[in-house]
Structure formats: C-alpha cells, structure tokens
file structure-v1.cif (mmCIF, C-alpha atoms)
data_start
#
loop_
_atom_site.group_PDB
_atom_site.id
_atom_site.type_symbol
_atom_site.label_atom_id
_atom_site.label_comp_id
_atom_site.auth_asym_id
_atom_site.auth_seq_id
_atom_site.Cartn_x
_atom_site.Cartn_y
_atom_site.Cartn_z
ATOM 1 C CA MET A 1 -3.084 -48.611 -1.296
ATOM 2 C CA ASN A 2 -0.993 -47.264 -4.165
ATOM 3 C CA TYR A 3 1.472 -44.562 -3.022
ATOM 4 C CA SER A 4 0.415 -42.140 -5.780
ATOM 5 C CA VAL A 5 -3.217 -42.403 -4.616
ATOM 6 C CA LEU A 6 -2.151 -41.807 -1.012
ATOM 7 C CA ILE A 7 -0.100 -38.730 -1.881
ATOM 8 C CA THR A 8 -2.922 -37.312 -4.003
ATOM 9 C CA LEU A 9 -5.461 -37.797 -1.201
ATOM 10 C CA HIS A 10 -2.979 -36.357 1.295
ATOM 11 C CA LEU A 11 -2.318 -33.276 -0.834
ATOM 12 C CA PHE A 12 -6.013 -32.550 -1.425
ATOM 13 C CA ALA A 13 -6.827 -32.928 2.271
ATOM 14 C CA ALA A 14 -3.820 -30.768 3.196
ATOM 15 C CA PHE A 15 -4.963 -28.147 0.688
ATOM 16 C CA ILE A 16 -8.406 -28.005 2.334
ATOM 17 C CA PHE A 17 -7.025 -27.977 5.880
ATOM 18 C CA VAL A 18 -4.259 -25.426 5.272
ATOM 19 C CA GLY A 19 -6.631 -23.261 3.218
ATOM 20 C CA THR A 20 -9.153 -23.232 6.037
ATOM 21 C CA VAL A 21 -6.517 -22.327 8.620
ATOM 22 C CA PHE A 22 -5.086 -19.678 6.269
ATOM 23 C CA PHE A 23 -8.552 -18.157 5.833
ATOM 24 C CA GLU A 24 -9.262 -18.097 9.547
ATOM 25 C CA VAL A 25 -5.878 -16.700 10.592
ATOM 26 C CA LEU A 26 -5.077 -14.200 7.857
ATOM 27 C CA MET A 27 -8.448 -13.277 6.366
ATOM 28 C CA LEU A 28 -10.968 -13.549 9.178
ATOM 29 C CA GLU A 29 -8.690 -11.958 11.767
ATOM 30 C CA GLY A 30 -8.021 -9.120 9.327
ATOM 31 C CA VAL A 31 -11.696 -8.129 9.176
ATOM 32 C CA ARG A 32 -12.396 -8.527 12.897
ATOM 33 C CA LYS A 33 -11.876 -4.814 13.627
ATOM 34 C CA GLN A 34 -14.073 -3.760 10.705
ATOM 35 C CA VAL A 35 -17.119 -5.867 11.595
ATOM 36 C CA PRO A 36 -19.400 -5.316 14.600
ATOM 37 C CA ARG A 37 -18.718 -7.735 17.451
ATOM 38 C CA GLU A 38 -22.097 -9.483 17.284
ATOM 39 C CA ALA A 39 -21.864 -9.941 13.523
ATOM 40 C CA MET A 40 -18.374 -11.380 13.937
ATOM 41 C CA ARG A 41 -19.659 -13.846 16.540
ATOM 42 C CA GLN A 42 -22.372 -14.973 14.135
ATOM 43 C CA VAL A 43 -19.867 -15.417 11.321
ATOM 44 C CA GLU A 44 -17.454 -17.309 13.576
ATOM 45 C CA GLY A 45 -20.283 -19.493 14.849
ATOM 46 C CA ALA A 46 -21.424 -20.339 11.337
ATOM 47 C CA ILE A 47 -17.881 -21.100 10.183
ATOM 48 C CA GLY A 48 -17.267 -23.160 13.303
ATOM 49 C CA ARG A 49 -20.386 -25.267 12.753
ATOM 50 C CA ARG A 50 -19.440 -25.883 9.135
ATOM 51 C CA ALA A 51 -15.854 -26.727 10.065
ATOM 52 C CA ARG A 52 -16.998 -29.208 12.727
ATOM 53 C CA ARG A 53 -18.931 -31.076 10.021
ATOM 54 C CA ILE A 54 -16.181 -31.086 7.394
ATOM 55 C CA MET A 55 -12.848 -31.080 9.219
ATOM 56 C CA PRO A 56 -13.106 -34.498 10.907
ATOM 57 C CA TRP A 57 -13.445 -36.093 7.452
ATOM 58 C CA VAL A 58 -10.668 -33.959 6.011
ATOM 59 C CA LEU A 59 -8.413 -34.907 8.912
ATOM 60 C CA LEU A 60 -9.324 -38.571 8.558
ATOM 61 C CA VAL A 61 -8.179 -38.507 4.923
ATOM 62 C CA LEU A 62 -5.156 -36.318 5.714
ATOM 63 C CA TYR A 63 -3.857 -38.451 8.564
ATOM 64 C CA GLY A 64 -4.972 -41.760 7.054
ATOM 65 C CA ALA A 65 -3.069 -41.059 3.852
ATOM 66 C CA GLY A 66 -0.169 -39.683 5.894
ATOM 67 C CA ILE A 67 0.048 -42.909 7.891
ATOM 68 C CA GLY A 68 -0.031 -44.897 4.660
ATOM 69 C CA MET A 69 2.770 -42.792 3.228
ATOM 70 C CA ALA A 70 4.789 -43.060 6.460
ATOM 71 C CA TRP A 71 4.407 -46.841 6.283
ATOM 72 C CA HIS A 72 6.072 -46.653 2.875
ATOM 73 C CA TYR A 73 9.090 -45.035 4.609
ATOM 74 C CA ARG A 74 9.042 -47.208 7.742
ATOM 75 C CA THR A 75 12.627 -48.403 7.257
ATOM 76 C CA VAL A 76 13.853 -44.815 6.925
ATOM 77 C CA LEU A 77 11.800 -43.725 9.943
ATOM 78 C CA ALA A 78 13.311 -46.535 12.024
ATOM 79 C CA HIS A 79 16.550 -44.500 12.000
ATOM 80 C CA PRO A 80 15.444 -40.851 11.992
ATOM 81 C CA LEU A 81 18.925 -39.376 12.395
ATOM 82 C CA ASP A 82 20.677 -41.450 9.727
ATOM 83 C CA SER A 83 19.787 -39.133 6.852
ATOM 84 C CA THR A 84 18.575 -35.610 6.277
ATOM 85 C CA PHE A 85 15.441 -36.978 4.617
ATOM 86 C CA ALA A 86 14.614 -39.155 7.638
ATOM 87 C CA THR A 87 15.192 -36.279 10.049
ATOM 88 C CA LEU A 88 12.995 -33.886 8.056
ATOM 89 C CA LEU A 89 10.256 -36.516 7.719
ATOM 90 C CA THR A 90 10.391 -37.216 11.449
ATOM 91 C CA LEU A 91 10.115 -33.491 12.241
ATOM 92 C CA LYS A 92 7.192 -33.224 9.819
ATOM 93 C CA ILE A 93 5.416 -36.111 11.551
ATOM 94 C CA ILE A 94 6.024 -34.547 14.980
ATOM 95 C CA LEU A 95 4.516 -31.249 13.799
ATOM 96 C CA ALA A 96 1.571 -33.111 12.240
ATOM 97 C CA LEU A 97 0.923 -34.937 15.521
ATOM 98 C CA SER A 98 1.030 -31.613 17.330
ATOM 99 C CA VAL A 99 -1.552 -30.208 14.891
ATOM 100 C CA LEU A 100 -3.747 -33.225 15.612
ATOM 101 C CA GLY A 101 -3.328 -32.533 19.324
ATOM 102 C CA HIS A 102 -4.429 -28.936 18.768
ATOM 103 C CA PHE A 103 -7.495 -30.121 16.852
ATOM 104 C CA ILE A 104 -8.452 -32.622 19.551
ATOM 105 C CA THR A 105 -7.958 -29.972 22.238
ATOM 106 C CA ALA A 106 -10.211 -27.552 20.344
ATOM 107 C CA MET A 107 -12.880 -30.225 19.893
ATOM 108 C CA VAL A 108 -12.817 -31.170 23.589
ATOM 109 C CA LEU A 109 -12.940 -27.530 24.731
ATOM 110 C CA GLY A 110 -15.733 -26.833 22.237
ATOM 111 C CA THR A 111 -17.759 -29.817 23.440
ATOM 112 C CA LYS A 112 -17.415 -28.628 27.036
ATOM 113 C CA GLY A 113 -18.354 -25.055 26.088
ATOM 114 C CA LEU A 114 -14.922 -23.781 27.108
ATOM 115 C CA LEU A 115 -13.632 -22.785 23.668
ATOM 116 C CA LYS A 116 -13.434 -19.015 23.972
ATOM 117 C CA THR A 117 -12.421 -16.638 21.198
ATOM 118 C CA ARG A 118 -8.944 -16.085 22.630
ATOM 119 C CA TYR A 119 -8.312 -19.870 22.712
ATOM 120 C CA VAL A 120 -9.523 -20.199 19.133
ATOM 121 C CA GLN A 121 -7.179 -17.418 18.039
ATOM 122 C CA ARG A 122 -4.186 -18.942 19.838
ATOM 123 C CA ILE A 123 -4.901 -22.421 18.512
ATOM 124 C CA HIS A 124 -5.324 -21.106 14.965
ATOM 125 C CA ILE A 125 -2.059 -19.143 15.092
ATOM 126 C CA SER A 126 -0.215 -22.144 16.514
ATOM 127 C CA VAL A 127 -1.687 -24.515 13.913
ATOM 128 C CA PHE A 128 -0.915 -22.006 11.150
ATOM 129 C CA THR A 129 2.711 -21.815 12.315
ATOM 130 C CA HIS A 130 2.912 -25.604 12.446
ATOM 131 C CA MET A 131 1.425 -25.842 8.941
ATOM 132 C CA VAL A 132 3.990 -23.407 7.538
ATOM 133 C CA GLY A 133 6.694 -25.573 9.114
ATOM 134 C CA ILE A 134 5.196 -28.736 7.637
ATOM 135 C CA ILE A 135 5.043 -27.171 4.174
ATOM 136 C CA VAL A 136 8.650 -25.980 4.363
ATOM 137 C CA LEU A 137 9.790 -29.414 5.587
ATOM 138 C CA ALA A 138 7.813 -31.190 2.846
ATOM 139 C CA LYS A 139 9.414 -29.012 0.201
ATOM 140 C CA ALA A 140 12.893 -29.393 1.727
ATOM 141 C CA MET A 141 12.488 -33.188 1.712
ATOM 142 C CA LEU A 142 12.339 -33.112 -2.084
ATOM 143 C CA TYR A 143 15.797 -31.553 -2.306
ATOM 144 C CA MET A 144 17.660 -33.471 0.393
#
call {"tool": "encode", "arguments": {"input": "structure-v1.cif", "output": "structure tokens"}}
result
Amino acid sequence: MNYSVLITLHLFAAFIFVGTVFFEVLMLEGVRKQVPREAMRQVEGAIGRRARRIMPWVLLVLYGAGIGMAWHYRTVLAHPLDSTFATLLTLKIILALSVLGHFITAMVLGTKGLLKTRYVQRIHISVFTHMVGIIVLAKAMLYM
C-alpha cells in the first residue's frame, strides 16, 4: 500500500485512539467526584460497551498501518542503534507494543469479569502516559 495512505490511516486511527484515552483519563476522571457513583457506573458501562465495539477496528487500522509503515523502514530498524531516527522509531514501536499489551490485558480481564474500576483507571493512566511518549517520539523523529 502507498506510504501516504498508510500514514493517513495511521494518523486518523491514532487520533481516535488517543482522543478516547484522553477523554477517559482527563475528562471522565475529572467528573467522577461530581457524579453519583451509580450514575458514573452507568456512564462507564455505556462507554465501555461502545469502546469494545469500535476500538478493535481502530486498533486494527492503527497497528496494520503502523506495521506497513515499519516495513518501509525495515532496513533502518535492522540496526536500531545506528541512528537517532532508528532509535526513536524502535522506542516508539516498543511503546506501541506495550499499549497493545495493555489493550489485550483489559479485554481478557473484561471477558473474565475481572476488570474492576481500579484496573481500568491504572490501565488508562499507563496507556495515556505511553501515548504521550509515542507522540513526543513521533514529533522528535521529524527533527532528527
């Protein structure tokens, strides 16, 4: 697939994913103390159900396009410490794989009925931190 198509798909999927995580971590957590507990559970449940329908497709596009773009840089990635660009790209891929691991963990825990609010909060904060790192690395790659 054409690299410009891959990067466009990747950016749109990243926009959706990062926006969702941003909303859940910074917005939803900010109103938790102002909303009755039962109402918050209903809101979280509704958002969770919607996310479980949308996010697998978003992640498929995000990671599929990411793999396609990484393939474009396969010779650079073969020697991750030979250049600043290769090192930053390798770190970005490691963080992205960790985010995928978080998502899979959340899905498995959710399927087993073990995904409690405190786990959701920790996973969201961790993913949010990873996403900030990925964004900073992506931007830094343009100037290295």
call {"tool": "resolve_selection", "arguments": {"input": "structure-v1.cif", "expression": "the PyMOL selection byres ((chain A and resi 135) around 12)", "output": "number ranges by chain"}}
result
A: 11, 14-15, 18, 88-89, 91-93, 95-96, 128-134, 136-142
call {"tool": "residues_around", "arguments": {"input": "structure-v1.cif", "residues": "Ile47 (chain A)", "least_positions_apart": "6", "cutoff": "10 Å", "atoms": "only C-alpha atoms", "output": "PyMOL selection string"}}
result
chain A and resi 20+24+41
call {"tool": "closest_residue", "arguments": {"input": "structure-v1.cif", "among": "A:Leu62, A:Met144, A:Val21, A:Ala106", "to": "Phe85 (chain A)", "atoms": "all atoms listed in the file"}}
result
A:Met144
call {"tool": "atom_distance", "arguments": {"input": "structure-v1.cif", "atom1": "CA of Thr105 (chain A)", "atom2": "CA of Val25 (chain A)"}}
result
17.8 Å
call {"tool": "closest_residue", "arguments": {"input": "structure-v1.cif", "among": "A:Gln121, A:Leu115, A:Tyr3, A:Ile104", "to": "Met55 (chain A)", "atoms": "all atoms listed in the file"}}
result
A:Ile104
call {"tool": "residues_around", "arguments": {"input": "structure-v1.cif", "residues": "Phe12 (chain A)", "least_positions_apart": "2", "cutoff": "12 Å", "atoms": "all atoms listed in the file", "output": "MDAnalysis selection string"}}
result
chainID A and resid 5:10 14:19 58:59 61:63 65:66
call {"tool": "closest_residue", "arguments": {"input": "structure-v1.cif", "among": "A:Leu26, A:Leu60, A:Ala86, A:Ile125", "to": "Arg74 (chain A)", "atoms": "all atoms listed in the file"}}
result
A:Ala86
call {"tool": "atom_distance", "arguments": {"input": "structure-v1.cif", "atom1": "CA of Arg49 (chain A)", "atom2": "CA of Gly113 (chain A)"}}
result
13.5 Å
call {"tool": "closest_residue", "arguments": {"input": "structure-v1.cif", "among": "A:Ala51, A:Leu28, A:Val35, A:Ala78", "to": "Met107 (chain A)", "atoms": "all atoms listed in the file"}}
result
A:Ala51
call {"tool": "atom_distance", "arguments": {"input": "structure-v1.cif", "atom1": "CA of Pro36 (chain A)", "atom2": "CA of Val127 (chain A)"}}
result
26.1 Å
call {"tool": "build_atoms", "arguments": {"input": "structure-v1.cif", "residues": "region 100-111 of chain A", "atoms": "all heavy atoms", "output": "CSV table (one decimal), in the coordinates of the input"}}
result
chain,number,residue,atom,x,y,z
A,100,LEU,N,-2.6,-32.4,15.2
A,100,LEU,CA,-3.7,-33.2,15.6
A,100,LEU,C,-4.1,-33.0,17.1
A,100,LEU,O,-5.3,-32.9,17.4
A,100,LEU,CB,-3.4,-34.7,15.4
A,100,LEU,CG,-4.5,-35.7,15.7
A,100,LEU,CD1,-5.7,-35.5,14.8
A,100,LEU,CD2,-3.9,-37.1,15.4
A,101,GLY,N,-3.1,-32.8,17.9
A,101,GLY,CA,-3.3,-32.5,19.3
A,101,GLY,C,-4.1,-31.2,19.5
A,101,GLY,O,-5.0,-31.1,20.3
A,102,HIS,N,-3.7,-30.2,18.7
A,102,HIS,CA,-4.4,-28.9,18.8
A,102,HIS,C,-5.9,-29.1,18.4
A,102,HIS,O,-6.8,-28.6,19.0
A,102,HIS,CB,-3.8,-27.9,17.8
A,102,HIS,CG,-2.5,-27.3,18.3
A,102,HIS,ND1,-1.4,-28.0,18.3
A,102,HIS,CD2,-2.3,-26.0,18.7
A,102,HIS,CE1,-0.4,-27.2,18.7
A,102,HIS,NE2,-0.9,-26.0,19.0
A,103,PHE,N,-6.1,-29.9,17.3
A,103,PHE,CA,-7.5,-30.1,16.9
A,103,PHE,C,-8.3,-30.8,17.9
A,103,PHE,O,-9.5,-30.5,18.2
A,103,PHE,CB,-7.5,-30.9,15.6
A,103,PHE,CG,-8.8,-31.1,15.0
A,103,PHE,CD1,-9.5,-30.1,14.3
A,103,PHE,CD2,-9.5,-32.4,15.1
A,103,PHE,CE1,-10.7,-30.3,13.7
A,103,PHE,CE2,-10.7,-32.6,14.6
A,103,PHE,CZ,-11.4,-31.6,13.9
A,104,ILE,N,-7.7,-31.9,18.5
A,104,ILE,CA,-8.5,-32.6,19.6
A,104,ILE,C,-8.7,-31.7,20.7
A,104,ILE,O,-9.8,-31.7,21.3
A,104,ILE,CB,-7.7,-33.9,20.0
A,104,ILE,CG1,-7.7,-34.9,18.8
A,104,ILE,CG2,-8.2,-34.5,21.2
A,104,ILE,CD1,-6.7,-36.0,19.0
A,105,THR,N,-7.8,-30.9,21.1
A,105,THR,CA,-8.0,-30.0,22.2
A,105,THR,C,-9.1,-29.0,21.9
A,105,THR,O,-10.0,-28.8,22.8
A,105,THR,CB,-6.7,-29.2,22.5
A,105,THR,OG1,-5.6,-30.1,22.9
A,105,THR,CG2,-6.9,-28.1,23.6
A,106,ALA,N,-9.1,-28.5,20.7
A,106,ALA,CA,-10.2,-27.6,20.3
A,106,ALA,C,-11.6,-28.3,20.4
A,106,ALA,O,-12.6,-27.7,20.8
A,106,ALA,CB,-9.9,-27.0,19.0
A,107,MET,N,-11.6,-29.5,19.9
A,107,MET,CA,-12.9,-30.2,19.9
A,107,MET,C,-13.4,-30.5,21.3
A,107,MET,O,-14.5,-30.3,21.6
A,107,MET,CB,-12.7,-31.5,19.1
A,107,MET,CG,-12.5,-31.4,17.6
A,107,MET,SD,-13.7,-30.4,16.8
A,107,MET,CE,-15.0,-31.6,16.6
A,108,VAL,N,-12.5,-30.9,22.2
A,108,VAL,CA,-12.8,-31.2,23.6
A,108,VAL,C,-13.3,-29.9,24.3
A,108,VAL,O,-14.3,-29.9,24.9
A,108,VAL,CB,-11.6,-31.8,24.4
A,108,VAL,CG1,-11.9,-31.9,25.8
A,108,VAL,CG2,-11.4,-33.2,23.8
A,109,LEU,N,-12.5,-28.8,24.1
A,109,LEU,CA,-12.9,-27.5,24.7
A,109,LEU,C,-14.3,-27.1,24.2
A,109,LEU,O,-15.1,-26.6,24.9
A,109,LEU,CB,-11.9,-26.5,24.5
A,109,LEU,CG,-10.6,-26.6,25.3
A,109,LEU,CD1,-9.5,-25.6,24.8
A,109,LEU,CD2,-10.8,-26.5,26.8
A,110,GLY,N,-14.5,-27.2,22.9
A,110,GLY,CA,-15.7,-26.8,22.2
A,110,GLY,C,-16.9,-27.6,22.8
A,110,GLY,O,-18.0,-27.1,23.0
A,111,THR,N,-16.7,-28.9,22.9
A,111,THR,CA,-17.8,-29.8,23.4
A,111,THR,C,-18.1,-29.4,24.9
A,111,THR,O,-19.3,-29.5,25.2
A,111,THR,CB,-17.3,-31.3,23.4
A,111,THR,OG1,-16.9,-31.6,22.1
A,111,THR,CG2,-18.4,-32.2,23.9
